[in-house]
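Worksheet: the structure to be examined is printed underneath.
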Amino acid sequence: MARRRSRLQIYLDVLKVVASGVHKPTQIMYKCNLSWVPLKEILNSLVDRDLIRVREVGKRRVYEITEKGWNVIRYFDRAFKEMGKLIYVSAK
């Protein structure tokens, strides 16, 4: 049975999906395996923290990652990589 993702993992998943070029909310929802209400809260939270920005394209809303969002992704990727090394070394 798969473990549940932490809140941090879910937020990072959304950031990474937006960074990968998926901009429409419905596509983000499917890629991140989230329902609409939690995704909407997460997107609003990320916009409030300037990690992503929202643009109106016609009648549609699209999301784009900001430089601050890229910095967060890089920071946590490095941190998880280091933690993986620690866990691997301590398991020996």
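Following the order of the structure tokens, chains are lettered A, B, ..., residues in each are numbered from 1, and ligands are numbered from 1.
Around Arg53 in chain A, within 6 Å and counting only C-alpha atoms, the residues found are Val47, Tyr63 and Glu64 of chain A, once anything fewer than 6 positions away on its own chain is removed.
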So that I have them on file, write out the residues from the current selection with N, CA and C atoms, as a PDB file, in the first residue's frame.
ATOM      1  N   VAL A  47       0.227  31.264  -4.996  1.00  0.00           N
ATOM      2  CA  VAL A  47       0.147  32.608  -5.591  1.00  0.00           C
ATOM      3  C   VAL A  47       0.389  33.658  -4.510  1.00  0.00           C
ATOM      4  N   TYR A  63      -1.338  29.181 -14.930  1.00  0.00           N
ATOM      5  CA  TYR A  63      -0.371  29.381 -13.855  1.00  0.00           C
ATOM      6  C   TYR A  63       1.036  29.208 -14.392  1.00  0.00           C
ATOM      7  N   GLU A  64       1.933  30.053 -13.895  1.00  0.00           N
ATOM      8  CA  GLU A  64       3.345  30.010 -14.286  1.00  0.00           C
ATOM      9  C   GLU A  64       4.193  30.083 -13.028  1.00  0.00           C
TER      10      GLU A  64
END
Item to check | All residues 12 Å or closer to Asn44 in chain A, only C-alpha atoms, same chain fewer than 5 positions away omitted, as a ChimeraX atom specification | outcome: /A:11,14,25,37-39,49-54,63
Next on the checklist: Between A:Ala2, A:Val22, A:Ile10, A:Leu15, which residue has the minimum interatomic distance to Lys68 in chain A, considering only C-alpha atoms?
Outcome noted: A:Leu15
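The residue that comes closest to Val72 in chain A, out of A:Val57, A:Leu34, A:Met29, A:Ala19 and on the basis of only C-alpha atoms, is A:Ala19.
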Next on the checklist: Residues of chain A classed as strand (DSSP E or B) by DSSP on the backbone are to be reported as a list in words.
Outcome noted: Ile52, Arg53, Val54, Arg55, Glu56, Val57, Arg60, Arg61, Val62, Tyr63, Glu64 and Ile65 of chain A
Item to check | All alpha helix (DSSP H) positions in chain A, as a PyMOL selection string | outcome: chain A and resi 7-19+25-32+36-48+67-91
Store the residues of this selection in a file with C-alpha atoms, as a CSV table (one decimal), in the first residue's frame.
chain,number,residue,atom,x,y,z
A,7,ARG,CA,1.6,18.4,2.7
A,8,LEU,CA,5.1,19.6,1.7
A,9,GLN,CA,5.3,16.8,-0.9
A,10,ILE,CA,1.9,17.9,-2.4
A,11,TYR,CA,2.9,21.5,-2.6
A,12,LEU,CA,6.2,20.6,-4.2
A,13,ASP,CA,4.4,18.3,-6.7
A,14,VAL,CA,2.2,21.2,-7.7
A,15,LEU,CA,5.2,23.5,-8.1
A,16,LYS,CA,7.1,20.9,-10.2
A,17,VAL,CA,4.1,20.2,-12.4
A,18,VAL,CA,3.6,24.0,-13.1
A,19,ALA,CA,7.4,24.3,-13.7
A,25,PRO,CA,-5.8,24.1,-13.5
A,26,THR,CA,-7.5,20.9,-14.7
A,27,GLN,CA,-4.3,19.5,-16.1
A,28,ILE,CA,-2.4,20.4,-12.9
A,29,MET,CA,-5.2,18.6,-10.9
A,30,TYR,CA,-4.9,15.4,-12.9
A,31,LYS,CA,-1.0,15.4,-13.0
A,32,CYS,CA,-0.9,15.9,-9.2
A,36,TRP,CA,-10.5,20.4,-7.2
A,37,VAL,CA,-11.0,22.0,-3.7
A,38,PRO,CA,-7.6,21.1,-2.3
A,39,LEU,CA,-5.9,22.1,-5.6
A,40,LYS,CA,-7.6,25.5,-5.5
A,41,GLU,CA,-6.4,26.1,-2.0
A,42,ILE,CA,-2.9,25.1,-2.8
A,43,LEU,CA,-2.8,27.3,-6.0
A,44,ASN,CA,-4.1,30.3,-4.0
A,45,SER,CA,-1.5,29.7,-1.3
A,46,LEU,CA,1.3,29.4,-3.8
A,47,VAL,CA,0.1,32.6,-5.6
A,48,ASP,CA,-0.1,34.4,-2.2
A,67,GLU,CA,11.9,32.7,-9.9
A,68,LYS,CA,11.1,32.4,-6.2
A,69,GLY,CA,9.2,29.1,-7.1
A,70,TRP,CA,12.2,27.8,-9.0
A,71,ASN,CA,14.4,28.6,-6.0
A,72,VAL,CA,12.1,26.7,-3.7
A,73,ILE,CA,12.2,23.6,-6.0
A,74,ARG,CA,16.0,23.7,-6.2
A,75,TYR,CA,16.3,24.2,-2.4
A,76,PHE,CA,14.2,21.2,-1.5
A,77,ASP,CA,15.7,19.0,-4.3
A,78,ARG,CA,19.1,19.6,-2.7
A,79,ALA,CA,17.8,19.0,0.8
A,80,PHE,CA,16.1,15.7,-0.2
A,81,LYS,CA,19.2,14.6,-2.0
A,82,GLU,CA,21.3,15.3,1.1
A,83,MET,CA,18.8,13.5,3.4
A,84,GLY,CA,18.9,10.5,1.0
A,85,LYS,CA,22.6,10.4,1.4
A,86,LEU,CA,22.3,10.5,5.2
A,87,ILE,CA,19.8,7.8,5.3
A,88,TYR,CA,21.8,5.6,2.9
A,89,VAL,CA,25.0,6.1,5.0
A,90,SER,CA,23.3,5.4,8.3
A,91,ALA,CA,21.7,2.3,7.0
